[in-house]
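S.K.: Input file: run.tsv. Contents: TSV, C-alpha atoms.
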chain	number	residue	atom	x	y	z
E	222	MET	CA	92.35	-16.77	177.37
E	223	THR	CA	88.86	-18.16	176.81
E	224	LEU	CA	88.24	-19.75	180.24
E	225	ALA	CA	86.14	-22.93	179.98
E	226	ILE	CA	85.29	-25.52	182.63
E	227	GLY	CA	88.27	-27.78	183.31
E	228	ASP	CA	90.81	-25.31	181.91
E	229	GLU	CA	94.02	-25.06	183.87
E	230	LEU	CA	95.16	-21.51	184.49
E	231	PRO	CA	98.77	-20.93	183.35
E	232	PRO	CA	100.99	-21.73	186.39
E	233	LEU	CA	103.16	-19.06	188.00
E	234	VAL	CA	106.45	-20.02	189.70
E	235	LYS	CA	107.83	-17.78	192.47
E	236	GLY	CA	110.90	-18.06	194.66
E	237	PRO	CA	112.90	-19.71	196.08
E	238	ILE	CA	111.66	-17.54	198.95
E	239	THR	CA	114.48	-15.82	200.87
E	240	ARG	CA	114.61	-14.22	204.31
E	241	GLU	CA	115.21	-10.95	202.45
E	242	ASP	CA	111.85	-11.44	200.70
E	243	LEU	CA	110.20	-11.77	204.13
E	244	LYS	CA	111.87	-8.57	205.38
E	245	ALA	CA	110.77	-6.70	202.26
E	246	TYR	CA	107.21	-7.98	202.56
E	247	ALA	CA	107.04	-7.13	206.28
E	248	ALA	CA	108.15	-3.55	205.54
E	249	ALA	CA	105.88	-3.03	202.54
E	250	SER	CA	102.79	-4.53	204.17
E	251	GLY	CA	103.32	-2.95	207.60
E	252	ASP	CA	103.26	-6.34	209.35
E	253	PRO	CA	105.64	-6.15	212.32
E	254	ASN	CA	105.15	-9.78	213.46
E	255	PRO	CA	108.64	-11.04	214.46
E	256	MET	CA	107.56	-14.61	213.62
E	257	HIS	CA	108.60	-13.90	210.02
E	258	LEU	CA	111.84	-12.06	210.79
E	259	ASP	CA	113.42	-13.25	214.03
E	260	GLU	CA	114.70	-16.86	214.09
E	261	GLU	CA	114.94	-16.99	217.88
E	262	PHE	CA	111.43	-15.60	218.35
E	263	ALA	CA	110.03	-18.17	215.90
E	264	ARG	CA	111.86	-21.03	217.63
E	265	ASN	CA	110.64	-19.87	221.06
E	266	ALA	CA	107.11	-19.96	219.68
E	267	GLY	CA	107.61	-23.62	218.77
E	268	TYR	CA	108.47	-23.38	215.07
E	269	SER	CA	111.66	-24.61	213.40
E	270	GLY	CA	112.42	-21.04	212.29
E	271	VAL	CA	110.90	-18.08	210.52
E	272	PHE	CA	108.22	-18.78	207.94
E	273	ALA	CA	106.63	-16.73	205.18
E	274	HIS	CA	103.66	-14.43	205.69
E	275	GLY	CA	100.52	-16.15	204.43
E	276	MET	CA	99.74	-12.91	202.62
E	277	LEU	CA	103.02	-13.11	200.67
E	278	SER	CA	101.81	-16.35	199.07
E	279	MET	CA	98.33	-14.88	198.61
E	280	GLY	CA	100.03	-12.01	196.78
E	281	TYR	CA	101.66	-14.58	194.47
E	282	LEU	CA	98.22	-16.08	193.83
E	283	ALA	CA	96.91	-12.60	192.99
E	284	GLU	CA	99.65	-12.15	190.38
E	285	PHE	CA	98.71	-15.59	189.00
E	286	LEU	CA	95.00	-14.67	188.75
E	287	VAL	CA	95.75	-11.33	187.08
E	288	GLN	CA	98.06	-13.16	184.63
E	289	ALA	CA	95.04	-15.31	183.68
E	290	GLY	CA	92.25	-12.70	183.64
E	291	GLY	CA	93.88	-9.27	183.56
E	292	VAL	CA	93.90	-6.38	186.04
E	293	GLY	CA	90.38	-5.79	187.34
E	294	SER	CA	89.16	-9.32	186.53
E	295	VAL	CA	89.35	-10.62	190.11
E	296	ARG	CA	85.95	-10.24	191.83
E	297	ARG	CA	86.27	-12.66	194.74
E	298	PHE	CA	89.34	-14.29	196.12
E	299	ARG	CA	89.69	-16.46	199.19
E	300	THR	CA	92.39	-18.69	200.62
E	301	ARG	CA	92.89	-20.88	203.65
E	302	PHE	CA	96.44	-20.92	204.97
E	303	ALA	CA	96.56	-24.71	205.29
E	304	LYS	CA	100.33	-25.22	205.68
E	305	LEU	CA	103.25	-22.95	206.41
E	306	THR	CA	105.59	-21.80	203.63
E	307	TRP	CA	109.31	-21.80	204.47
E	308	PRO	CA	112.37	-19.90	203.23
E	309	GLY	CA	114.05	-21.88	200.44
E	310	GLU	CA	110.80	-23.20	199.01
E	311	VAL	CA	109.88	-22.67	195.36
E	312	ILE	CA	106.17	-21.90	195.17
E	313	THR	CA	104.02	-22.67	192.15
E	314	CYS	CA	100.56	-21.11	191.87
E	315	ARG	CA	98.04	-23.35	190.18
E	316	GLY	CA	94.32	-23.44	189.51
E	317	ARG	CA	91.56	-24.66	187.29
E	318	VAL	CA	88.16	-23.45	186.20
E	319	THR	CA	85.32	-25.22	188.04
E	320	GLY	CA	82.32	-23.21	186.86
E	321	ILE	CA	81.30	-20.77	184.12
E	322	THR	CA	78.40	-18.33	183.97
E	323	ASP	CA	77.81	-15.90	181.11
E	324	ARG	CA	76.12	-12.70	182.23
E	325	ASP	CA	75.78	-9.15	180.90
E	326	GLY	CA	78.54	-9.52	178.32
E	327	GLU	CA	80.89	-11.01	180.87
E	328	ARG	CA	82.15	-14.52	181.41
E	329	ILE	CA	82.32	-15.30	185.13
E	330	ALA	CA	84.76	-18.12	185.90
E	331	GLU	CA	84.86	-19.84	189.27
E	332	CYS	CA	88.25	-21.33	189.93
E	333	GLU	CA	89.89	-23.54	192.51
E	334	ILE	CA	93.37	-22.26	193.26
E	335	TRP	CA	96.32	-23.28	195.37
E	336	THR	CA	100.04	-22.87	195.95
E	337	GLU	CA	102.37	-25.84	196.16
E	338	ASN	CA	106.06	-26.33	196.92
E	339	GLN	CA	108.54	-28.31	194.82
E	340	ALA	CA	107.27	-31.55	196.47
E	341	ALA	CA	103.70	-30.71	195.30
E	342	GLU	CA	102.66	-30.13	198.93
E	343	ARG	CA	99.71	-27.71	198.94
E	344	LYS	CA	100.14	-24.67	201.18
E	345	LEU	CA	97.36	-22.19	200.42
E	346	VAL	CA	94.08	-23.56	199.10
E	347	GLY	CA	91.15	-21.46	198.01
E	348	SER	CA	88.93	-20.21	195.28
E	349	ALA	CA	88.50	-17.18	193.06
E	350	VAL	CA	85.91	-15.64	190.77
E	351	LEU	CA	87.25	-13.97	187.62
E	352	ALA	CA	85.16	-11.85	185.26
E	353	VAL	CA	86.44	-11.41	181.72
E	354	PRO	CA	84.79	-9.81	178.66
E	355	ARG	CA	82.83	-12.34	176.60
E	356	ARG	CA	84.21	-12.91	173.15
I	1130	MET	CA	81.99	-7.96	221.07
I	1131	ILE	CA	80.54	-9.40	217.87
I	1132	GLY	CA	79.42	-6.63	215.51
I	1133	ARG	CA	81.45	-4.06	217.36
I	1134	VAL	CA	83.15	-1.50	215.14
I	1135	LEU	CA	86.85	-2.04	215.79
I	1136	SER	CA	88.08	1.00	214.01
I	1137	THR	CA	87.45	3.34	211.18
I	1138	GLY	CA	90.00	5.24	209.21
I	1139	SER	CA	90.61	6.86	205.94
I	1140	ALA	CA	93.74	7.27	203.88
I	1141	THR	CA	94.87	8.21	200.42
I	1142	VAL	CA	96.43	5.55	198.22
I	1143	THR	CA	99.91	6.72	197.23
I	1144	ALA	CA	101.99	5.61	194.24
I	1145	GLU	CA	104.98	4.97	196.53
I	1146	HIS	CA	103.07	2.63	198.85
I	1147	VAL	CA	101.54	0.66	195.97
I	1148	ALA	CA	104.88	0.40	194.11
I	1149	ALA	CA	106.69	-0.78	197.27
I	1150	PHE	CA	104.00	-3.38	197.86
I	1151	ALA	CA	104.14	-4.68	194.26
I	1152	ARG	CA	107.95	-4.79	194.42
I	1153	ALA	CA	107.88	-6.77	197.69
I	1154	LEU	CA	105.72	-9.37	195.93
I	1155	GLY	CA	108.03	-9.41	192.92
I	1156	ASP	CA	105.02	-8.57	190.77
I	1157	PRO	CA	106.26	-6.77	187.63
I	1158	ASN	CA	102.83	-5.63	186.31
I	1159	PRO	CA	103.42	-2.13	184.85
I	1160	LEU	CA	99.89	-0.98	185.81
I	1161	TYR	CA	101.05	-0.98	189.47
I	1162	VAL	CA	104.36	0.85	189.04
I	1163	ASP	CA	104.71	2.64	185.69
I	1164	PRO	CA	102.64	5.87	185.49
I	1165	GLU	CA	103.04	6.14	181.69
I	1166	ALA	CA	101.92	2.57	181.01
I	1167	ALA	CA	99.08	3.00	183.51
I	1168	ARG	CA	97.86	6.20	181.81
I	1169	ARG	CA	97.59	4.33	178.51
I	1170	GLY	CA	96.06	1.27	180.24
I	1171	PRO	CA	92.41	0.31	180.84
I	1172	PHE	CA	92.03	2.40	184.03
I	1173	GLY	CA	93.85	5.56	182.94
I	1174	ALA	CA	95.84	5.60	186.18
I	1175	LEU	CA	98.00	3.44	188.41
I	1176	VAL	CA	96.05	0.77	190.26
I	1177	ALA	CA	96.90	-1.50	193.20
I	1178	PRO	CA	97.39	-5.30	193.19
I	1179	PRO	CA	94.53	-7.45	194.59
I	1180	THR	CA	96.10	-8.09	198.01
I	1181	TYR	CA	97.13	-4.44	198.52
I	1182	PRO	CA	94.12	-3.89	200.82
I	1183	ILE	CA	95.99	-5.77	203.56
I	1184	ALA	CA	98.76	-3.14	203.56
I	1185	PHE	CA	96.29	-0.29	203.13
I	1186	MET	CA	94.18	-1.46	206.08
I	1187	THR	CA	97.26	-1.63	208.30
I	1188	GLN	CA	98.20	1.90	207.31
I	1189	ALA	CA	94.71	3.42	207.51
I	1190	MET	CA	93.46	1.70	210.67
I	1191	ALA	CA	96.36	1.98	213.09
I	1192	GLY	CA	94.85	1.93	216.56
I	1193	GLY	CA	92.56	-1.03	216.01
I	1194	MET	CA	95.13	-3.08	217.91
I	1195	ASP	CA	93.91	-1.85	221.32
I	1196	THR	CA	90.51	-3.43	220.93
I	1197	PHE	CA	92.24	-6.41	219.50
I	1198	LEU	CA	94.28	-6.88	222.67
I	1199	GLU	CA	91.06	-6.75	224.71
I	1200	LEU	CA	90.06	-9.99	223.02
I	1201	GLY	CA	92.82	-11.67	225.01
I	1202	LEU	CA	94.40	-13.32	222.00
I	1203	ASN	CA	97.75	-14.97	222.50
I	1204	PHE	CA	100.03	-13.00	220.20
I	1205	MET	CA	102.81	-15.59	220.42
I	1206	THR	CA	100.62	-18.15	218.70
I	1207	LEU	CA	98.50	-15.87	216.52
I	1208	VAL	CA	98.27	-17.01	212.91
I	1209	HIS	CA	96.32	-15.95	209.86
I	1210	GLY	CA	93.86	-18.77	209.18
I	1211	GLU	CA	91.88	-17.53	206.21
I	1212	GLN	CA	91.58	-14.43	204.06
I	1213	GLU	CA	88.83	-13.45	201.68
I	1214	PHE	CA	88.43	-10.39	199.45
I	1215	GLU	CA	85.57	-9.13	197.32
I	1216	TYR	CA	86.22	-6.37	194.81
I	1217	THR	CA	83.92	-3.97	193.00
I	1218	ARG	CA	86.79	-2.51	190.98
I	1219	PRO	CA	90.57	-2.02	191.31
I	1220	ILE	CA	91.86	0.50	193.85
I	1221	ARG	CA	93.23	3.59	192.06
I	1222	VAL	CA	96.31	5.49	193.15
I	1223	GLY	CA	95.39	8.97	194.39
I	1224	GLU	CA	91.94	8.12	195.73
I	1225	THR	CA	90.90	8.36	199.36
I	1226	LEU	CA	89.15	5.35	200.85
I	1227	THR	CA	87.27	5.14	204.13
I	1228	LEU	CA	87.44	1.87	206.01
I	1229	THR	CA	85.14	0.41	208.62
I	1230	GLY	CA	86.36	-2.68	210.47
I	1231	ARG	CA	84.17	-4.95	212.58
I	1232	ILE	CA	84.51	-8.13	214.57
I	1233	SER	CA	82.04	-10.37	212.76
I	1234	ASP	CA	82.55	-13.57	214.73
I	1235	VAL	CA	84.40	-15.01	217.72
I	1236	TYR	CA	84.41	-18.75	218.40
I	1237	GLU	CA	86.58	-21.54	219.73
I	1238	LYS	CA	87.37	-25.08	218.71
I	1239	THR	CA	88.90	-27.71	220.93
I	1240	GLY	CA	90.90	-30.56	219.45
I	1241	SER	CA	93.84	-32.82	220.24
I	1242	SER	CA	96.32	-29.92	220.29
I	1243	GLY	CA	94.25	-27.84	222.73
I	1244	THR	CA	91.83	-24.97	222.32
I	1245	LEU	CA	91.98	-22.59	219.38
I	1246	ASP	CA	90.36	-19.14	219.46
I	1247	PHE	CA	89.02	-17.81	216.16
I	1248	VAL	CA	88.32	-14.15	215.47
I	1249	VAL	CA	86.79	-13.00	212.19
I	1250	LEU	CA	87.38	-9.37	211.21
I	1251	GLU	CA	85.44	-7.75	208.38
I	1252	THR	CA	86.50	-4.51	206.75
I	1253	GLU	CA	84.61	-2.52	204.16
I	1254	ALA	CA	86.21	0.19	202.02
I	1255	ARG	CA	84.21	2.95	200.35
I	1256	ASP	CA	85.32	5.67	197.99
I	1257	ALA	CA	84.62	9.42	198.16
I	1258	ASP	CA	81.17	8.80	196.57
I	1259	GLU	CA	80.40	6.25	199.34
I	1260	ARG	CA	80.49	3.41	196.81
I	1261	PRO	CA	81.97	0.10	197.98
I	1262	VAL	CA	85.41	-0.68	196.54
I	1263	PHE	CA	86.51	-3.79	198.42
I	1264	PHE	CA	85.52	-6.02	201.31
I	1265	SER	CA	87.94	-8.08	203.40
I	1266	ARG	CA	87.23	-10.97	205.75
I	1267	ASN	CA	90.20	-11.98	207.86
I	1268	THR	CA	90.16	-15.06	210.14
I	1269	LEU	CA	92.81	-15.09	212.84
I	1270	ILE	CA	93.54	-18.10	215.03
I	1271	SER	CA	95.39	-18.23	218.32
I	1272	ARG	CA	96.26	-21.31	220.33
I	1273	ARG	CA	95.66	-21.14	224.09
I	1274	THR	CA	98.75	-21.93	226.10
Take the structure in the file and give it back as structure tokens.
M.R.:
Amino acid sequence: MTLAIGDELPPLVKGPITREDLKAYAAASGDPNPMHLDEEFARNAGYSGVFAHGMLSMGYLAEFLVQAGGVGSVRRFRTRFAKLTWPGEVITCRGRVTGITDRDGERIAECEIWTENQAAERKLVGSAVLAVPRR
Amino acid sequence: MIGRVLSTGSATVTAEHVAAFARALGDPNPLYVDPEAARRGPFGALVAPPTYPIAFMTQAMAGGMDTFLELGLNFMTLVHGEQEFEYTRPIRVGETLTLTGRISDVYEKTGSSGTLDFVVLETEARDADERPVFFSRNTLISRRT
């Protein structure tokens, strides 16, 4: 894709997130936090139940950025975990280009990015810098 | 405490670890999992997805938790507040990376729901030639109870 200011990056839909997904992510990432696996533990900590690792959703956003710019295009990538993501939610990764700089044969695109659930409630909000070859 | 090196560690990126991580994300990109496709691809080898450093840091820096406990964070209410990565290039399967993790900031904020403790951890990864590969800034928040 060409990447110009105002462009929307092609959305990526993931989920619905299952408790099995959380177990798989916990194992693969080495995160032993029972908050994502143990319903009773999560309720004792004051939550309505287990919720997804923030980094699972950030992983979805990474797939979304690579879909737009290709492997190796992501130079900076930050997110704030604004709201919790729950099992059963369908998560859509979205973003748009907010700035463009052409430099050394590369096009550097600054993007605002976020995840949202099926009610368009934003969960992760952040920004990314993609570098793609200039055409 | 600020600026203190939490832990260092080095580890080799394995195809199994990267493939398991990509599978757990449901990310089908062949450059993460298919050695043949990766050999023909732009990097000539399997590479890792952009958030793989989080799993790699956990694997390579086991032991950092002790210092972490000294901070007196409430583990029952510990949440990941923000995460930031900077990349020089993709991580390649088979390479050995050396990590250095530091506490870059510690602060608190008091609001209507009580006091929150913030800890910012910064980790730098360098390759065998001492060149930077990625940088991670991780903000953790715990609520005082």
S.K.: Report, in Å with one decimal, the straight-line distance from CA of Gly251 in chain E to CA of Thr1187 in chain I.
M.R.: 6.2 Å
S.K.: Output as a tab-separated table one row per residue of chain E within 7 Å of chain I: the closest atom pair and its distance in Å to one decimal place, counting all atoms listed in the file, sorted by chain and residue number ascending.
M.R.:
residue	atom	partner	partner_atom	distance
E:Asp242	CA	I:Ala1153	CA	6.8
E:Ala245	CA	I:Ala1153	CA	5.4
E:Tyr246	CA	I:Ala1153	CA	5.1
E:Ala249	CA	I:Phe1150	CA	5.1
E:Ser250	CA	I:Ala1184	CA	4.3
E:Gly251	CA	I:Ala1184	CA	6.1
E:Ala266	CA	I:Met1205	CA	6.2
E:Gly275	CA	I:His1209	CA	6.9
E:Leu277	CA	I:Leu1154	CA	6.6
E:Gly280	CA	I:Thr1180	CA	5.7
E:Tyr281	CA	I:Leu1154	CA	6.8
E:Ala283	CA	I:Pro1179	CA	5.9
E:Glu284	CA	I:Asp1156	CA	6.5
E:Gly293	CA	I:Pro1219	CA	5.5
E:Arg296	CA	I:Tyr1216	CA	4.9
E:Arg297	CA	I:Glu1215	CA	4.4
E:Phe298	CA	I:Phe1214	CA	5.2
E:Arg299	CA	I:Glu1213	CA	4.0
E:Thr300	CA	I:Gln1212	CA	5.5
E:Arg301	CA	I:Glu1211	CA	4.3
E:Phe302	CA	I:Gly1210	CA	5.4
S.K.: Near range 1224-1237 of chain I, counting all atoms listed in the file, which residues have an atom at most 7 Å away, once you skip same-chain residues fewer than 3 positions from it, shown as number ranges by chain?
M.R.: I: 1130-1142, 1221, 1244-1257
S.K.: Calculated over all atoms listed in the file, which of the candidates E:Lys235, E:Lys344, E:Arg328, E:Lys304 has the smallest distance to Thr223 in chain E?
M.R.: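 Residue with the minimum atom-to-atom distance to Thr223 in chain E: E:Arg328.
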S.K.: Excluding Arg240 in chain E and any residue of its chain fewer than 6 positions from it, enumerate the residues within 9 Å of it, using all atoms listed in the file, and give them as a list in words.
M.R.: His257, Leu258, Val271, Phe272, Ala273, Pro308 and Gly309 of chain E
S.K.: Expressed in Å to a single decimal, how great is the separation between CA of Val1222 in chain I and CA of Gly326 in chain E?
M.R.: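 So the answer is 27.6 Å.
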S.K.: Work out how far CA of Asn338 in chain E is from CA of Asp252 in chain E, in Å to one decimal.
M.R.: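 These atoms are spaced 23.7 Å apart.
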S.K.: Which residues are close to Glu333 in chain E, i.e. within 12 Å by all atoms listed in the file, leaving aside same-chain residues fewer than 6 positions away? Reply as an NGL selection string.
M.R.: :E and (226-230 or 282 or 286 or 297-301 or 314-320 or 345-351)
S.K.: Report as JSON the centre and the edge lengths, in Å to one decimal, of the axis-aligned box holding every listed atom of range 320-339 of chain E, padded by 6 Å on each side.
M.R.:
{"center_x": 92.2, "center_y": -18.7, "center_z": 187.6, "size_x": 44.8, "size_y": 31.2, "size_z": 30.6}
S.K.: List the spatial neighbours of Gln339 in chain E as a tab-separated table (two decimals) with C-alpha atoms, keeping the file's coordinate frame - criterion: any atom at most 10 Å away, only C-alpha atoms, same-chain residues fewer than 3 positions off excluded.
M.R.:
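The resulting file, selection_1.tsv, is reproduced below:
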chain	number	residue	atom	x	y	z
E	234	VAL	CA	106.45	-20.02	189.70
E	237	PRO	CA	112.90	-19.71	196.08
E	310	GLU	CA	110.80	-23.20	199.01
E	311	VAL	CA	109.88	-22.67	195.36
E	312	ILE	CA	106.17	-21.90	195.17
E	313	THR	CA	104.02	-22.67	192.15
E	342	GLU	CA	102.66	-30.13	198.93
E	343	ARG	CA	99.71	-27.71	198.94
S.K.: Hey, which of E:Met256, E:Ile238, E:Pro354, E:Asp323 ends up closest to Tyr268 in chain E? Count all atoms listed in the file.
M.R.: E:Met256
